[in-house]
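> This is the content of start_34.pdb (PDB, C-alpha atoms, pLDDT in the B column):
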ATOM      1  CA  MET A  18     109.746 109.633 -64.324  1.00 47.00           C
ATOM      2  CA  GLY A  19     109.772 110.805 -60.730  1.00 61.00           C
ATOM      3  CA  GLY A  20     112.646 109.985 -58.474  1.00 79.00           C
ATOM      4  CA  LEU A  21     115.504 110.168 -60.979  1.00 82.00           C
ATOM      5  CA  THR A  22     118.773 111.608 -59.834  1.00 89.00           C
ATOM      6  CA  LEU A  23     120.539 114.374 -61.715  1.00 88.00           C
ATOM      7  CA  SER A  24     123.138 111.963 -63.136  1.00 88.00           C
ATOM      8  CA  GLU A  25     120.406 109.564 -64.312  1.00 83.00           C
ATOM      9  CA  MET A  26     118.611 112.387 -66.103  1.00 86.00           C
ATOM     10  CA  GLN A  27     121.883 113.437 -67.736  1.00 87.00           C
ATOM     11  CA  VAL A  28     122.432 109.882 -69.021  1.00 83.00           C
ATOM     12  CA  ILE A  29     118.898 109.800 -70.459  1.00 85.00           C
ATOM     13  CA  ASN A  30     119.389 113.193 -72.124  1.00 85.00           C
ATOM     14  CA  GLN A  31     122.680 112.041 -73.648  1.00 87.00           C
ATOM     15  CA  TYR A  32     121.103 108.774 -74.814  1.00 84.00           C
ATOM     16  CA  VAL A  33     118.393 110.693 -76.636  1.00 86.00           C
ATOM     17  CA  LEU A  34     121.049 112.544 -78.641  1.00 87.00           C
ATOM     18  CA  LEU A  35     122.569 109.305 -79.990  1.00 86.00           C
ATOM     19  CA  THR A  36     121.881 108.074 -83.502  1.00 91.00           C
ATOM     20  CA  PRO A  37     119.955 104.795 -83.851  1.00 90.00           C
ATOM     21  CA  GLU A  38     123.184 102.977 -84.767  1.00 94.00           C
ATOM     22  CA  ALA A  39     124.997 104.425 -81.759  1.00 90.00           C
ATOM     23  CA  ARG A  40     122.081 103.365 -79.516  1.00 88.00           C
ATOM     24  CA  LYS A  41     122.367  99.797 -80.818  1.00 91.00           C
ATOM     25  CA  GLN A  42     126.114  99.810 -80.166  1.00 91.00           C
ATOM     26  CA  LEU A  43     125.602 101.177 -76.678  1.00 88.00           C
ATOM     27  CA  GLN A  44     122.921  98.583 -75.966  1.00 87.00           C
ATOM     28  CA  SER A  45     125.213  95.821 -77.225  1.00 87.00           C
ATOM     29  CA  TYR A  46     128.057  97.086 -75.044  1.00 89.00           C
ATOM     30  CA  LEU A  47     125.812  97.288 -71.978  1.00 86.00           C
ATOM     31  CA  GLU A  48     124.636  93.718 -72.586  1.00 85.00           C
ATOM     32  CA  PHE A  49     128.281  92.637 -72.838  1.00 86.00           C
ATOM     33  CA  LEU A  50     129.037  94.318 -69.507  1.00 87.00           C
ATOM     34  CA  VAL A  51     126.048  92.641 -67.840  1.00 86.00           C
ATOM     35  CA  VAL A  52     127.144  89.224 -69.152  1.00 83.00           C
ATOM     36  CA  GLN A  53     130.673  89.821 -67.844  1.00 83.00           C
ATOM     37  CA  GLN A  54     129.305  90.947 -64.475  1.00 87.00           C
ATOM     38  CA  CYS A  55     127.004  87.925 -64.293  1.00 84.00           C
ATOM     39  CA  GLN A  56     129.770  85.458 -65.116  1.00 80.00           C
ATOM     40  CA  ARG A  57     132.088  87.085 -62.601  1.00 84.00           C
ATOM     41  CA  GLU A  58     129.466  87.015 -59.875  1.00 87.00           C
ATOM     42  CA  LEU A  59     128.613  83.381 -60.597  1.00 83.00           C
ATOM     43  CA  SER A  60     132.294  82.484 -60.549  1.00 80.00           C
ATOM     44  CA  ASN A  61     132.866  84.361 -57.292  1.00 82.00           C
ATOM     45  CA  GLN A  62     129.885  82.831 -55.574  1.00 85.00           C
ATOM     46  CA  LEU A  63     130.594  79.268 -56.713  1.00 83.00           C
ATOM     47  CA  LEU A  64     134.282  78.905 -57.523  1.00 81.00           C
ATOM     48  CA  HIS A  65     135.826  81.398 -55.134  1.00 83.00           C
ATOM     49  CA  ASN A  66     133.482  80.451 -52.319  1.00 83.00           C
ATOM     50  CA  GLN A  67     135.384  79.468 -49.183  1.00 87.00           C
ATOM     51  CA  TRP A  68     132.370  77.621 -47.767  1.00 88.00           C
ATOM     52  CA  PHE A  69     132.151  75.457 -50.904  1.00 87.00           C
ATOM     53  CA  TYR A  70     135.874  74.695 -50.895  1.00 88.00           C
ATOM     54  CA  ASN A  71     135.894  73.921 -47.163  1.00 91.00           C
ATOM     55  CA  ASN A  72     133.016  71.483 -47.636  1.00 90.00           C
ATOM     56  CA  LEU A  73     134.898  69.738 -50.447  1.00 89.00           C
ATOM     57  CA  LEU A  74     137.909  69.418 -48.158  1.00 91.00           C
ATOM     58  CA  GLY A  75     135.601  68.174 -45.404  1.00 91.00           C
ATOM     59  CA  LEU A  76     134.412  65.423 -47.739  1.00 89.00           C
ATOM     60  CA  GLN A  77     138.006  64.494 -48.418  1.00 90.00           C
ATOM     61  CA  ARG A  78     138.808  64.310 -44.694  1.00 90.00           C
ATOM     62  CA  LEU A  79     135.998  61.882 -43.869  1.00 88.00           C
ATOM     63  CA  SER A  80     137.307  58.527 -42.735  1.00 85.00           C
ATOM     64  CA  GLU A  81     136.712  55.774 -45.270  1.00 82.00           C
ATOM     65  CA  THR A  82     136.817  53.188 -42.519  1.00 80.00           C
ATOM     66  CA  SER A  83     133.660  54.556 -40.918  1.00 79.00           C
ATOM     67  CA  ASP A  84     130.615  52.274 -41.172  1.00 80.00           C
ATOM     68  CA  ASN A  85     128.422  55.072 -42.494  1.00 88.00           C
ATOM     69  CA  TYR A  86     131.027  56.749 -44.750  1.00 90.00           C
ATOM     70  CA  CYS A  87     128.982  56.544 -47.950  1.00 90.00           C
ATOM     71  CA  HIS A  88     125.813  57.718 -46.199  1.00 91.00           C
ATOM     72  CA  GLU A  89     127.647  60.704 -44.663  1.00 92.00           C
ATOM     73  CA  VAL A  90     129.119  61.587 -48.074  1.00 92.00           C
ATOM     74  CA  MET A  91     125.670  61.516 -49.693  1.00 93.00           C
ATOM     75  CA  ASP A  92     124.238  63.759 -46.938  1.00 94.00           C
ATOM     76  CA  ARG A  93     127.029  66.306 -47.315  1.00 93.00           C
ATOM     77  CA  VAL A  94     126.837  66.272 -51.108  1.00 94.00           C
ATOM     78  CA  HIS A  95     123.091  66.871 -50.896  1.00 94.00           C
ATOM     79  CA  ARG A  96     123.702  69.959 -48.696  1.00 93.00           C
ATOM     80  CA  ILE A  97     126.422  71.268 -51.034  1.00 92.00           C
ATOM     81  CA  ARG A  98     124.184  70.736 -54.077  1.00 91.00           C
ATOM     82  CA  SER A  99     121.292  72.557 -52.388  1.00 91.00           C
ATOM     83  CA  ILE A 100     123.448  75.585 -51.584  1.00 89.00           C
ATOM     84  CA  CYS A 101     124.937  75.689 -55.119  1.00 88.00           C
ATOM     85  CA  GLN A 102     121.506  75.493 -56.713  1.00 87.00           C
ATOM     86  CA  GLY A 103     120.254  78.223 -54.375  1.00 89.00           C
ATOM     87  CA  ILE A 104     123.116  80.498 -55.427  1.00 88.00           C
ATOM     88  CA  PHE A 105     122.391  79.731 -59.084  1.00 85.00           C
ATOM     89  CA  GLU A 106     118.664  80.418 -58.703  1.00 86.00           C
ATOM     90  CA  HIS A 107     119.362  83.721 -56.956  1.00 89.00           C
ATOM     91  CA  LEU A 108     121.680  84.863 -59.755  1.00 86.00           C
ATOM     92  CA  PHE A 109     119.326  83.567 -62.441  1.00 83.00           C
ATOM     93  CA  ASP A 110     116.438  85.547 -60.940  1.00 86.00           C
ATOM     94  CA  LYS A 111     118.648  88.617 -60.708  1.00 87.00           C
ATOM     95  CA  TYR A 112     120.060  88.549 -64.260  1.00 83.00           C
ATOM     96  CA  SER A 113     117.529  86.710 -66.449  1.00 81.00           C
ATOM     97  CA  PRO A 114     115.275  89.780 -66.950  1.00 83.00           C
ATOM     98  CA  VAL A 115     118.153  91.734 -68.524  1.00 81.00           C
ATOM     99  CA  LEU A 116     119.923  88.971 -70.462  1.00 77.00           C
ATOM    100  CA  ASN A 117     118.867  87.896 -73.944  1.00 73.00           C
ATOM    101  CA  SER A 118     120.387  84.452 -73.494  1.00 68.00           C
ATOM    102  CA  CYS A 119     120.785  82.538 -70.273  1.00 65.00           C
ATOM    103  CA  ALA A 120     123.683  80.534 -71.748  1.00 68.00           C
ATOM    104  CA  VAL A 121     125.882  82.699 -69.520  1.00 67.00           C
ATOM    105  CA  PHE A 122     125.050  80.371 -66.658  1.00 65.00           C
ATOM    106  CA  ASP A 123     126.339  77.256 -68.418  1.00 65.00           C
ATOM    107  CA  GLY A 124     129.672  75.826 -67.466  1.00 71.00           C
ATOM    108  CA  VAL A 125     130.569  76.535 -63.862  1.00 71.00           C
ATOM    109  CA  LEU A 126     127.437  75.082 -62.308  1.00 77.00           C
ATOM    110  CA  ASP A 127     127.493  72.171 -64.770  1.00 81.00           C
ATOM    111  CA  TRP A 128     130.917  70.908 -63.709  1.00 82.00           C
ATOM    112  CA  ILE A 129     129.961  71.237 -60.038  1.00 85.00           C
ATOM    113  CA  LEU A 130     126.738  69.270 -60.473  1.00 87.00           C
ATOM    114  CA  ILE A 131     128.421  66.620 -62.627  1.00 90.00           C
ATOM    115  CA  GLY A 132     131.153  66.197 -60.019  1.00 90.00           C
ATOM    116  CA  LEU A 133     128.616  66.007 -57.179  1.00 92.00           C
ATOM    117  CA  ASN A 134     126.532  63.491 -59.151  1.00 93.00           C
ATOM    118  CA  ASN A 135     129.625  61.334 -59.705  1.00 93.00           C
ATOM    119  CA  ILE A 136     130.366  61.403 -55.976  1.00 93.00           C
ATOM    120  CA  THR A 137     126.761  60.532 -55.130  1.00 94.00           C
ATOM    121  CA  GLU A 138     126.682  57.622 -57.582  1.00 94.00           C
ATOM    122  CA  ALA A 139     129.941  56.244 -56.200  1.00 92.00           C
ATOM    123  CA  ALA A 140     128.674  56.577 -52.622  1.00 91.00           C
ATOM    124  CA  ARG A 141     125.297  55.064 -53.542  1.00 92.00           C
ATOM    125  CA  SER A 142     127.091  52.000 -54.912  1.00 92.00           C
ATOM    126  CA  GLY A 143     128.910  51.666 -51.583  1.00 89.00           C
ATOM    127  CA  ASN A 144     132.345  51.871 -53.173  1.00 88.00           C
ATOM    128  CA  ALA A 145     134.392  53.946 -50.705  1.00 89.00           C
ATOM    129  CA  GLU A 146     137.529  53.917 -52.871  1.00 91.00           C
ATOM    130  CA  ARG A 147     135.712  55.215 -55.947  1.00 92.00           C
ATOM    131  CA  THR A 148     133.889  57.784 -53.810  1.00 92.00           C
ATOM    132  CA  ARG A 149     137.218  59.080 -52.492  1.00 92.00           C
ATOM    133  CA  LYS A 150     138.577  59.237 -56.065  1.00 94.00           C
ATOM    134  CA  GLU A 151     135.561  61.258 -57.268  1.00 93.00           C
ATOM    135  CA  ILE A 152     135.963  63.683 -54.355  1.00 92.00           C
ATOM    136  CA  ILE A 153     139.643  64.175 -55.160  1.00 93.00           C
ATOM    137  CA  ASP A 154     138.820  64.668 -58.854  1.00 92.00           C
ATOM    138  CA  LEU A 155     136.284  67.397 -58.018  1.00 91.00           C
ATOM    139  CA  ILE A 156     138.790  69.150 -55.742  1.00 90.00           C
ATOM    140  CA  GLU A 157     141.461  69.041 -58.466  1.00 90.00           C
ATOM    141  CA  VAL A 158     139.076  70.448 -61.083  1.00 86.00           C
ATOM    142  CA  HIS A 159     138.097  73.161 -58.607  1.00 85.00           C
ATOM    143  CA  LYS A 160     141.734  74.092 -58.069  1.00 85.00           C
ATOM    144  CA  THR A 161     142.334  74.195 -61.820  1.00 84.00           C
ATOM    145  CA  LEU A 162     139.318  76.415 -62.467  1.00 78.00           C
ATOM    146  CA  THR A 163     140.111  78.842 -59.665  1.00 80.00           C
ATOM    147  CA  ARG A 164     143.647  79.275 -60.968  1.00 79.00           C
ATOM    148  CA  SER A 165     142.495  79.875 -64.555  1.00 61.00           C
ATOM    149  CA  HIS A 166     139.926  82.616 -63.895  1.00 48.00           C
ATOM    150  CA  PRO A 167     141.187  86.189 -64.010  1.00 51.00           C
ATOM    151  CA  LYS A 168     140.789  88.281 -60.892  1.00 50.00           C
ATOM    152  CA  ALA A 169     139.888  91.473 -62.766  1.00 48.00           C
ATOM    153  CA  LYS A 170     136.564  93.014 -61.809  1.00 49.00           C
ATOM    154  CA  VAL A 171     134.033  94.109 -64.398  1.00 46.00           C
ATOM    155  CA  ARG A 172     131.334  96.451 -63.247  1.00 50.00           C
ATOM    156  CA  ALA A 173     128.094  97.081 -65.060  1.00 47.00           C
ATOM    157  CA  ILE A 174     127.019 100.668 -65.526  1.00 46.00           C
TER     158      ILE A 174
END
Could you write out this structure as structure tokens?


Amino acid sequence: MGGLTLSEMQVINQYVLLTPEARKQLQSYLEFLVVQQCQRELSNQLLHNQWFYNNLLGLQRLSETSDNYCHEVMDRVHRIRSICQGIFEHLFDKYSPVLNSCAVFDGVLDWILIGLNNITEAARSGNAERTRKEIIDLIEVHKTLTRSHPKAKVRAI
């Protein structure tokens, strides 16, 4: 076990002294903290992401009267989706080895992808009015979700 710091060795020594039941409780608590940290990080990187929000607003500001409005919307949505999936994959790779269940990742990414799919389908059909409505709906859901998430930070040990 080369390379351990003094504080890490102290934690290991204290862990050894715990009863089997106390070890299970500690393990359960540490898993809880990791889940909280993972959810917070996912929320911060997707919901509280200024780049994501600015791109949603950019979609809203596109002129519907443009000849290539629907094509431009589909291009931008594709870029947004790619970045969101990249963020998700990064977090999944980071946390999946230590999580028992990857259900932690459900929810936030789902509503984003559903909203982006709705926008893409509306744009693919060529219906500029419906496309605009889907964009506004996604922005409103985003605003609702960012207001409802607590700002408290949870740190894993």

> Might you pull out every residue within 10 Å of region 108-113 of chain A, with all atoms listed in the file counted and same-chain residues fewer than 2 positions away left off, and present them as a list in words?

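Once the adjacent positions are removed, what remains is Val51, Val52, Gln54, Cys55, Gln56, Glu58, Leu59, Gln62, Gln102, Gly103, Ile104, Phe105, Glu106, Val115, Leu116, Asn117, Ser118, Cys119, Val121 and Phe122 of chain A.
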
> Which residues are near Ile129 (chain A)? Cut-off 9 Å, only C-alpha atoms, ignore same chain within fewer than 2 positions. Put them as an NGL selection string.

:A and (63 or 98 or 101 or 124-127 or 131-134 or 155 or 159)

> Name the residues that the PyMOL selection byres ((chain A and resi 135) around 12) picks from the file above, as a compact mmCIF listing (two decimals) with C-alpha atoms, in the frame of the given file, using the file's chain letters and numbers.


# COMPACT_ATOMS: atom_id res chain seq x y z
CA VAL A 90 129.12 61.59 -48.07
CA MET A 91 125.67 61.52 -49.69
CA VAL A 94 126.84 66.27 -51.11
CA TRP A 128 130.92 70.91 -63.71
CA ILE A 129 129.96 71.24 -60.04
CA LEU A 130 126.74 69.27 -60.47
CA ILE A 131 128.42 66.62 -62.63
CA GLY A 132 131.15 66.20 -60.02
CA LEU A 133 128.62 66.01 -57.18
CA ASN A 134 126.53 63.49 -59.15
CA ILE A 136 130.37 61.40 -55.98
CA THR A 137 126.76 60.53 -55.13
CA GLU A 138 126.68 57.62 -57.58
CA ALA A 139 129.94 56.24 -56.20
CA ALA A 140 128.67 56.58 -52.62
CA ARG A 141 125.30 55.06 -53.54
CA SER A 142 127.09 52.00 -54.91
CA ASN A 144 132.34 51.87 -53.17
CA ARG A 147 135.71 55.22 -55.95
CA THR A 148 133.89 57.78 -53.81
CA ARG A 149 137.22 59.08 -52.49
CA LYS A 150 138.58 59.24 -56.06
CA GLU A 151 135.56 61.26 -57.27
CA ILE A 152 135.96 63.68 -54.36
CA ILE A 153 139.64 64.18 -55.16
CA ASP A 154 138.82 64.67 -58.85
CA LEU A 155 136.28 67.40 -58.02

> What is the CA of Leu79 (chain A)-CA of Leu162 (chain A) distance in Å, reported with one decimal?

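So the answer is 23.8 Å.
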
> Taking all atoms listed in the file into account, name the residue in A:His95, A:Ala145, A:Phe69, A:Leu47 that is nearest to Ser83 (chain A).

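Residue with the minimum atom-to-atom distance to Ser83 (chain A): A:Ala145.
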
> From the list A:Asn66, A:Asn72, A:Gln31, A:Thr22, which residue is nearest Asp92 (chain A) when using only C-alpha atoms?

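Of A:Asn66, A:Asn72, A:Gln31, A:Thr22, the one nearest Asp92 (chain A) is A:Asn72, counting only C-alpha atoms.
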
> Could you tell me how far CA of Arg164 (chain A) lies from CA of Tyr70 (chain A), in Å and to one decimal?

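Separating CA of Arg164 (chain A) from CA of Tyr70 (chain A) is a distance of 13.5 Å.
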